[in-house]
Every structure is written in C-alpha cells, then in structure tokens.
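Chemist: The structure that follows is given in the form of structure tokens.
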Amino acid sequence: MAYFDTLDRTIKQEPVILGLETSCDETAAAVIRGRTILSDEIASSADIQAQYGGVVPEIASRMHTDAVDSVVKAAVKKAGITLGDIDAVAVTYGAGLLGALLVGLSFGKALAYALHVPLIAVNHIRGHLAAAYLVDPELRPPFVTLLASGGHTAVLYAESEQKFHVLGATLDDAAGEAFDKVARVLSLPYPGGPNVEKLAANGKNVIPMPEMLRGEHGFNFSYSGLKTFVVNYCHTKAQKGEIYSKADLACSFQCAALDVLVKKTVQAAKEKKVKTVTAGGGVAANGYLRAALQRACDAAGLRLVLPTRRCCTDNAAMIASEGLIQYRAGNFSDLSLNAKASIPLKAEL
Ligand code: KG4
Ligand code: ZN
C-alpha cells in the first residue's frame with residue numbers, strides 16, 4: 001500500500017531500467033538507459049540441465065536462488081551505475097516455470113520496494129517481441145514480427161508498441177519444440193536447437209520432407225507432421241539397420257521447418273502493407289533462418305530489424321526493453337503481483 005501509493009510517477013524520457021529474467025534456466029539481469037543496453041548478464045544452468053536432457057524445474061529454481069544476487073550486482077556494476085540510479089525494475093512474471101519465476105519476481109519486488117521505484121510486470125513473450133527495439137532505436141510500429149520460441153510460433157502485426165494482433169500461429173508444436181524433439185531423436189545434447197543447427201551445417205537438403213501448411217491455412221503453422229516424419233525416419237532406418245546421414249536429415253528438417261516461417265512472414269508483411277519486419281525468440285538465433293529472412297526481405301523491399309542472436313534467446317535486456325514500453329505507458333504493478341505459469345498468446349497482446 002505505502003509502496004504503490006507513494007511512488008513518484010514522473011515519467012522520464014530516458015529512464016534507467018533494470019530487467020530481470022528467471023522464467024527457465026537462465027538467470028539474467030540487464031540495465032538499459034532509454035533503448036541503449038548498458039549491461040546484459042546471464043548465468044545459465046544449461047550445462048547442468050544437459051546432464052538430464054532437459055530443464056529440471058527444481059534445479060532451475062535452486063540455481064536462480066544461488067545466482068540472482070550476484071547476476072544483478074554484476075549487471076549494475078558493468079552498467080557503470082549505482083542502485084540509486086535505477087528508475088524502475090522490470091521483471092518477468094510469466095509464462096515459465098513457477099518456482100523459477102518466483103525467484104526473479106521476489107527479488108524484483110524487494111529491489112523495487114527498497115529503491116522505492118516502480119515495479120513493472122513483463123510477459124516473457126512480449127519481451128521477445130521488444131528485443132528488436134534494442135537494435136534499432138528508430139524502430140516504430142506498424143511492422144510485422146515473426147515470433148519463434150520454444151513455446152510459441154506466430155506471425156504478429158504490431159499496431160503500436162503496446163498492441164499486437166496475432167495473424168497466425170502454430171496449430172500444434174512450436175518451431176523450437178520441434179527442433180528440441182528432433183535433437184533428441186538424433187541423440188544431440190540439450191539445448192536442441194543450436195545443436196541441430198550445428199549438425200545441419202555439415203549436411204545437405206536432400207531428404208524430401210512432408211509439405212508444411214500451405215496458403216489455405218493463412219498464416220498458421222503446423223509442426224507435428226514434420227516432427228513425426230523425422231522421428232519415424234530415424235526409427236525405420238534403425239530397425240532396418242540402414243545407415244543414413246544425420247547431418248542431411250538435420251539440414252533437410254531445418255530447411256523445411258524454417259522456410260515456411262520466412263515465407264509466411266514476408267507474405268504477412270505484404271498483406272499488411274508494412275515496410276518493416278522484425279523477429280524474436282530463440283529460433284530467431286538460427287543462422288539459416290536469419291540469412292533466409294534477410295534474403296526474402298531484401299527481395300521484397302522490406303527492412304529487416306533482427307535482434308542480435310544473444311538478444312533472441314532468453315535474456316534480461318529484452319525484459320527491460322518491454323519494461324520501457326510499460327514504463328512510458330505508466331503501467332506499474334503493486335507488490336501483490338504473482339507469477340503465472342502460462343499466458344495464452346492472445347490474452348495479453
Ligand atoms: O525463446 P527461447 O530462448 O525460450 C522460450 O521462451 O521458449 O527459445 C528456446 C527455443 C528452444 O526450443 C531452442 O531449441 C530454440 O529456441 N533455439 C534454436 C536455436 N537456438 C535456440 N532453434 C534453432 N536454432 C537455434 N540456433
Ligand atoms: Zn524465451
């Protein structure tokens with residue numbers, strides 16, 4: 001009560017925002033001033049999680065608890081500021097692993113309370129969408145965005161910084177999920193996506209893949225057929241004792257999985273008559289996708305604003321970037337803010 005009601009609500013144009021992200025296995029803290037990144041720290045438990053072939057929620061929570069204080073301190077130090085310079089604390093409240101989220105959320109609340117600055121609740125997915133603002137300070141809606149993460153695959157129309165419309169989305173698995181499942185069947189270590197990309201670099205696109213959803217499905221996607229095809233391909237070859245090239249399979253899968261994203265994103269940009277395309281989410285770190293999207297945008301006369309690879313996978317700078325949008329809109333949270341394990345894509349955008 002006292003915290004929220006006595007906050008100074010003066011909105012600065014170039015505030016210093018501390019972002020905090022602990023939704024999965026990365027403990028991340030970053031500081032931005034306006035749209036400029038001053039620091040961007042990440043401590044990951046991926047090496048430990050790799051021993052289990054995926055993220056164990058309890059281990060993630062414990063690692064966040066151990067790391068969060070030192071990661072925030074490092075972010076503040078590297079930014080060349082003191083805690084007193086922070087104008088707002090932006091923290092991921094969902095979606096993600098509840099225990100993991102609660103570590104960042106509790107830390108963020110305590111920090112905002114102690115500094116007597118606004119606490120800003122950030123939807124992780126909106127953070128991915130806001131990453132593009134950090135590479136191009138001049139970026140302004142309207143534009144079309146390709147969102148491709150571990151849990152979501154969608155093409156969105158950004159009407160304003162605050163308002164997105166979902167033009168199409170996956171009907172089943174997300175693109176990142178498909179990469180992770182294919183990695184598992186190819187016996188590649190966690191995290192799957194980057195390892196499939198590495199293997200694909202040594203292969204050729206020579207194995208015919210099932211056709212992805214065509215035009216009649218608008219901007220929707222489906223990955224379950226592609227994923228099942230790859231799983232069956234591996235099992236059949238193993239049963240027959242036939243040798244096959246895992247690199248060719250990875251490469252052919254990668255092309256099929258990503259070409260459709262490029263095609264539908266550019267189609268959406270043309271249909272919405274926008275001049276700019278952006279992308280976000282872990283899969284947007286994929287080199288093949290980045291190059292293909294750049295080529296397609298160039299050919300269509302579209303400007304592509306692509307966050308750095310580091311800014312596509314989970315990080316706190318993107319959370320601070322979305323925090324800046326909410327800060328400028330005066331959307332502050334009080335200390336009763338709770339974590340949410342899932343937030344439907346359409347509910348908040
Ligand atoms: O956005 P993100 O870091 O976390 C979520 O919010 O889900 O995305 C993680 C997903 C994982 O499925 C991971 O395998 C995939 O992004 N990913 C990649 C690459 N890097 C991460 N997929 C393909 N190629 C990559 N280089
Ligand atoms: Zn993410």
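To be explicit about the labels: the chains of the structure tokens are called A, B, and onward in the order shown, and within each one the residues are counted from 1, while ligands get numbers from 1 in the order they are shown.
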Taking only C-alpha atoms and all ligand atoms into account, which residues have an atom no farther than 7 Å from ligand 2? I'd like them as a list of chain:residue names.

Modeler: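 Sorted by chain and then by number, the residues are A:His124, A:Ile125, A:His128, A:Ser149, A:Gly150, A:Gly281, A:Gly282, A:Thr313, A:Asp314.
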
Chemist: Compile the contact shell of Leu293 in chain A as JSON, numbers by chain: residues with an atom at most 10 Å away, counting only C-alpha atoms, same-chain residues fewer than 3 positions apart removed.

Modeler: {"A": [146, 258, 259, 261, 262, 263, 265, 266, 277, 278, 279, 284, 287, 288, 289, 290, 296, 297, 298, 299, 304, 306]}

Chemist: Pick out the residues sitting within 12 Å of Glu21 in chain A, and hand them over as JSON, numbers by chain; count only C-alpha atoms, and ignore anything fewer than 3 positions along from it in its own chain.

Modeler: {"A": [18, 24, 25, 26, 27, 28, 29, 30, 31, 40, 41, 42, 43, 44, 64, 67, 68, 71, 72, 89, 90, 91, 92, 93, 94, 95, 96, 97, 100, 101, 102, 103, 104, 105, 106, 107, 108, 121, 122, 123, 124, 125, 127, 128, 313, 314, 315, 316, 317, 318, 319, 320, 322, 323]}

Chemist: Among range 2-81 of chain A, which residues carry a DSSP assignment of strand (DSSP E), reported as a VMD selection string?

Modeler: chain A and resid 16 to 21 26 to 33 36 to 44

Chemist: Just write the chosen residues, C-alpha atoms, as a tab-separated table (two decimals), in the first residue's frame.

Modeler:
```tsv
chain	number	residue	atom	x	y	z
A	16	VAL	CA	17.39	3.61	-16.38
A	17	ILE	CA	15.59	0.26	-16.19
A	18	LEU	CA	16.85	-2.93	-14.57
A	19	GLY	CA	15.43	-6.04	-16.24
A	20	LEU	CA	15.24	-9.43	-14.50
A	21	GLU	CA	14.51	-12.76	-16.19
A	26	GLU	CA	18.79	-18.59	-17.40
A	27	THR	CA	19.27	-16.16	-14.53
A	28	ALA	CA	19.55	-12.86	-16.35
A	29	ALA	CA	19.81	-9.21	-15.35
A	30	ALA	CA	20.37	-6.21	-17.62
A	31	VAL	CA	20.37	-2.45	-17.43
A	32	ILE	CA	19.18	-0.19	-20.22
A	33	ARG	CA	19.02	3.62	-20.47
A	36	THR	CA	20.59	1.62	-25.05
A	37	ILE	CA	21.87	-1.56	-23.40
A	38	LEU	CA	24.30	-0.66	-20.58
A	39	SER	CA	24.82	-4.24	-19.39
A	40	ASP	CA	23.41	-7.69	-20.10
A	41	GLU	CA	24.37	-10.51	-17.71
A	42	ILE	CA	23.34	-14.15	-17.98
A	43	ALA	CA	24.16	-17.12	-15.73
A	44	SER	CA	22.85	-20.32	-17.25
```

Chemist: List the spatial neighbours of Gly225 in chain A as a ChimeraX atom specification - criterion: any atom at most 10 Å away, only C-alpha atoms, same-chain residues fewer than 2 positions off excluded.

Modeler: /A:172-173,178,209-213,222-223,227-231

Chemist: For the selection just defined, write its residues with N, CA, C and O atoms to a file, as a compact mmCIF listing (two decimals), in the first residue's frame.

Modeler:
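Contents of selection.txt, freshly written:
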```
# COMPACT_ATOMS: atom_id res chain seq x y z
N ASP A 172 -0.12 -26.68 -33.48
CA ASP A 172 0.28 -27.75 -32.56
C ASP A 172 1.62 -27.39 -31.90
O ASP A 172 1.65 -26.54 -31.03
N ASP A 173 2.72 -28.01 -32.33
CA ASP A 173 4.02 -27.73 -31.69
C ASP A 173 4.57 -26.37 -32.12
O ASP A 173 4.28 -25.89 -33.21
N ALA A 178 9.89 -28.39 -31.94
CA ALA A 178 10.20 -29.36 -32.99
C ALA A 178 11.72 -29.56 -33.09
O ALA A 178 12.20 -30.69 -33.19
N MET A 209 10.93 -33.74 -47.32
CA MET A 209 10.17 -33.59 -46.06
C MET A 209 8.69 -33.41 -46.39
O MET A 209 8.35 -32.97 -47.50
N PRO A 210 7.80 -33.72 -45.45
CA PRO A 210 6.37 -33.51 -45.72
C PRO A 210 6.10 -32.02 -45.95
O PRO A 210 6.81 -31.17 -45.38
N GLU A 211 5.10 -31.74 -46.76
CA GLU A 211 4.80 -30.34 -47.04
C GLU A 211 4.22 -29.65 -45.82
O GLU A 211 3.39 -30.22 -45.13
N MET A 212 4.69 -28.45 -45.57
CA MET A 212 4.17 -27.69 -44.43
C MET A 212 2.85 -27.07 -44.84
O MET A 212 2.49 -27.09 -46.02
N LEU A 213 2.12 -26.51 -43.89
CA LEU A 213 0.80 -25.93 -44.19
C LEU A 213 0.90 -24.91 -45.31
O LEU A 213 1.76 -24.04 -45.30
N SER A 222 2.05 -25.67 -38.70
CA SER A 222 1.90 -26.95 -38.01
C SER A 222 3.23 -27.67 -38.07
O SER A 222 3.83 -27.80 -39.14
N TYR A 223 3.70 -28.11 -36.92
CA TYR A 223 5.00 -28.79 -36.88
C TYR A 223 4.90 -30.26 -36.51
O TYR A 223 5.89 -30.98 -36.56
N LYS A 227 7.72 -33.17 -37.43
CA LYS A 227 8.41 -33.81 -36.30
C LYS A 227 8.22 -35.33 -36.35
O LYS A 227 9.18 -36.10 -36.25
N THR A 228 6.97 -35.76 -36.57
CA THR A 228 6.68 -37.20 -36.61
C THR A 228 7.41 -37.86 -37.77
O THR A 228 7.92 -38.98 -37.64
N PHE A 229 7.49 -37.16 -38.90
CA PHE A 229 8.20 -37.71 -40.05
C PHE A 229 9.66 -38.00 -39.68
O PHE A 229 10.19 -39.08 -39.97
N VAL A 230 10.31 -37.04 -39.03
CA VAL A 230 11.73 -37.21 -38.69
C VAL A 230 11.90 -38.36 -37.68
O VAL A 230 12.80 -39.20 -37.82
N VAL A 231 11.01 -38.41 -36.70
CA VAL A 231 11.09 -39.48 -35.69
C VAL A 231 10.92 -40.84 -36.38
O VAL A 231 11.73 -41.76 -36.17
```

Chemist: Between A:Val117, A:Ile81, A:Cys234, A:Ala201, which is the closest to ligand 1 once you count only C-alpha atoms and all ligand atoms?

Modeler: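 Ranking A:Val117, A:Ile81, A:Cys234, A:Ala201 by distance to ligand 1, first place goes to A:Ala201.
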
Chemist: Quote the spacing between CA of Glu159 in chain A and CA of Arg309 in chain A in Å to one decimal place.

Modeler: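 Value for the CA of Glu159 in chain A-CA of Arg309 in chain A distance: 24.9 Å.
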
Chemist: May I have the residues within 12 Å of Ala2 in chain A as number ranges by chain, using only C-alpha atoms and disregarding those fewer than 6 positions away in the same chain?

Modeler: A: 8, 113, 116, 334-335

Chemist: Given only C-alpha atoms as the basis, pick out the residue of A:Phe332, A:Phe143, A:Tyr244, A:Phe253 nearest to Arg303 in chain A.

Modeler: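 Looking only at the distances to Arg303 in chain A, the closest residue turns out to be A:Phe143.
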
Chemist: Nearest to ligand 1 among A:Asn195, A:Thr22, A:Ser45, A:Ser70, with distances taken over only C-alpha atoms and all ligand atoms: which residue is it?

Modeler: A:Asn195

Chemist: Which of range 50-205 of chain A counts as alpha helix (DSSP H) under DSSP, as a PyMOL selection string please?

Modeler: chain A and resi 50+57-79+98-115+124-130+132-135+175-185+192-200

Chemist: May I ask for the distance between CA of Lys198 in chain A and CA of Ala285 in chain A, given in Å to one decimal place?

Modeler: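 Computed distance, CA of Lys198 in chain A to CA of Ala285 in chain A, equals 12.3 Å.
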
Chemist: Which is closest to Gly330 in chain A among A:Ala112, A:Leu83, A:Leu119, A:Cys255, if we use only C-alpha atoms?

Modeler: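 Among A:Ala112, A:Leu83, A:Leu119, A:Cys255, it is A:Leu119 that comes nearest to Gly330 in chain A.
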
Chemist: For a quick check of understanding, using only C-alpha atoms and all ligand atoms, which of A:Asn338, A:Thr276, A:Asn286, A:Ser321 has the smallest distance to ligand 1?

Modeler: A:Asn286

Chemist: Quick one: distance from CA of Ser342 in chain A to CA of Ala75 in chain A in Å, one decimal?

Modeler: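 Separation of CA of Ser342 in chain A and CA of Ala75 in chain A: 27.7 Å.
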
Chemist: As number ranges by chain, please: the residues near Pro307 in chain A (cut-off 7 Å, only C-alpha atoms, same-chain neighbours under 5 positions excluded).

Modeler: A: 131-132, 135, 280, 312

Chemist: Next, dump the selected residues to file, keeping only N, CA and C atoms, as a compact mmCIF listing (two decimals), in the first residue's frame.

Modeler:
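Final file, again12.txt:
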```txt
# COMPACT_ATOMS: atom_id res chain seq x y z
N ALA A 131 12.61 -7.11 -28.11
CA ALA A 131 14.08 -7.18 -28.32
C ALA A 131 14.50 -6.35 -29.53
N ALA A 132 13.65 -6.31 -30.55
CA ALA A 132 14.01 -5.58 -31.78
C ALA A 132 14.23 -4.09 -31.53
N VAL A 135 17.92 -3.03 -31.08
CA VAL A 135 18.90 -2.94 -32.17
C VAL A 135 18.67 -1.72 -33.03
N GLY A 280 11.86 -12.43 -33.25
CA GLY A 280 12.28 -12.63 -31.86
C GLY A 280 12.04 -14.05 -31.42
N CYS A 312 17.98 -12.80 -28.99
CA CYS A 312 16.84 -13.63 -29.42
C CYS A 312 16.56 -14.70 -28.38
```

Chemist: With distances taken over only C-alpha atoms and all ligand atoms, which residue among A:Tyr133, A:Phe4, A:Phe164, A:Phe179 lies nearest ligand 1?

Modeler: A:Phe179

Chemist: Which neighbours of Gly54 in chain A fall inside 9 Å, counting only C-alpha atoms, when residues of the same chain fewer than 4 positions from it are skipped, and could you give them as a VMD selection string?

Modeler: chain A and resid 46 49 to 50 189 to 191

Chemist: Write out, as a PDB file, in the first residue's frame, the residues just selected, with C-alpha atoms.

Modeler:
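Wrote it out as selection-v1.pdb, contents follow:
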```pdb
ATOM      1  CA  ALA A  46      22.112 -25.284 -19.175  1.00  0.00           C
ATOM      2  CA  GLN A  49      20.412 -29.350 -17.124  1.00  0.00           C
ATOM      3  CA  ALA A  50      22.118 -31.036 -20.113  1.00  0.00           C
ATOM      4  CA  PRO A 189      22.558 -32.877 -26.280  1.00  0.00           C
ATOM      5  CA  TYR A 190      20.324 -30.225 -24.698  1.00  0.00           C
ATOM      6  CA  PRO A 191      19.716 -27.459 -25.765  1.00  0.00           C
TER       7      PRO A 191
END
```
